[in-house]
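Enquirer: I have a structure here, written as structure tokens, and I will follow up with some questions on it.
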Amino acid sequence: MMPELGKYAFAVMASYGVGLGLLAALVIASIARSRRVRAELEQIEERSKRPHV
């Protein structure tokens with residue numbers, strides 16, 4: 001299934017690996033930021049529901 005890449009096999013596979021690694025890091029960072037922002041918004045909503053003194 002894998003094509004013969006000859007002397008460029010390492011460079012091509014390393015590029016795929018780096019690309020996939022960067023993509024995974026981006027997805028993980030986005031999920032972490034989403035959770036952090038959601039928690040901050042929930043705190044803001046809770047504060048806005050409290051009666052002002």
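Chain identifiers are assigned as A, B, and so on, following the order in which chains appear in the structure tokens; residues are numbered from 1 within each chain, and ligands are numbered from 1 in order of appearance.
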Based on DSSP run over this structure's backbone, return all residues of chain A in helix (DSSP H, G or I), as a PyMOL selection string.

Expert: chain A and resi 6-49

Enquirer: Could you tell me how far atom CA of Gln43 of chain A sits from atom CA of Ile28 of chain A, in Å to one decimal place?

Expert: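 A separation of 23.0 Å between them.
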
Enquirer: Just to confirm, what's the straight-line distance from atom CA of Pro3 of chain A to atom CA of Ser15 of chain A in Å (one decimal)?

Expert: 15.5 Å

Enquirer: Measure the distance from atom CA of Leu22 of chain A to atom CA of Leu41 of chain A in Å and round it to one decimal.

Expert: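 Those two atoms sit 28.2 Å apart.
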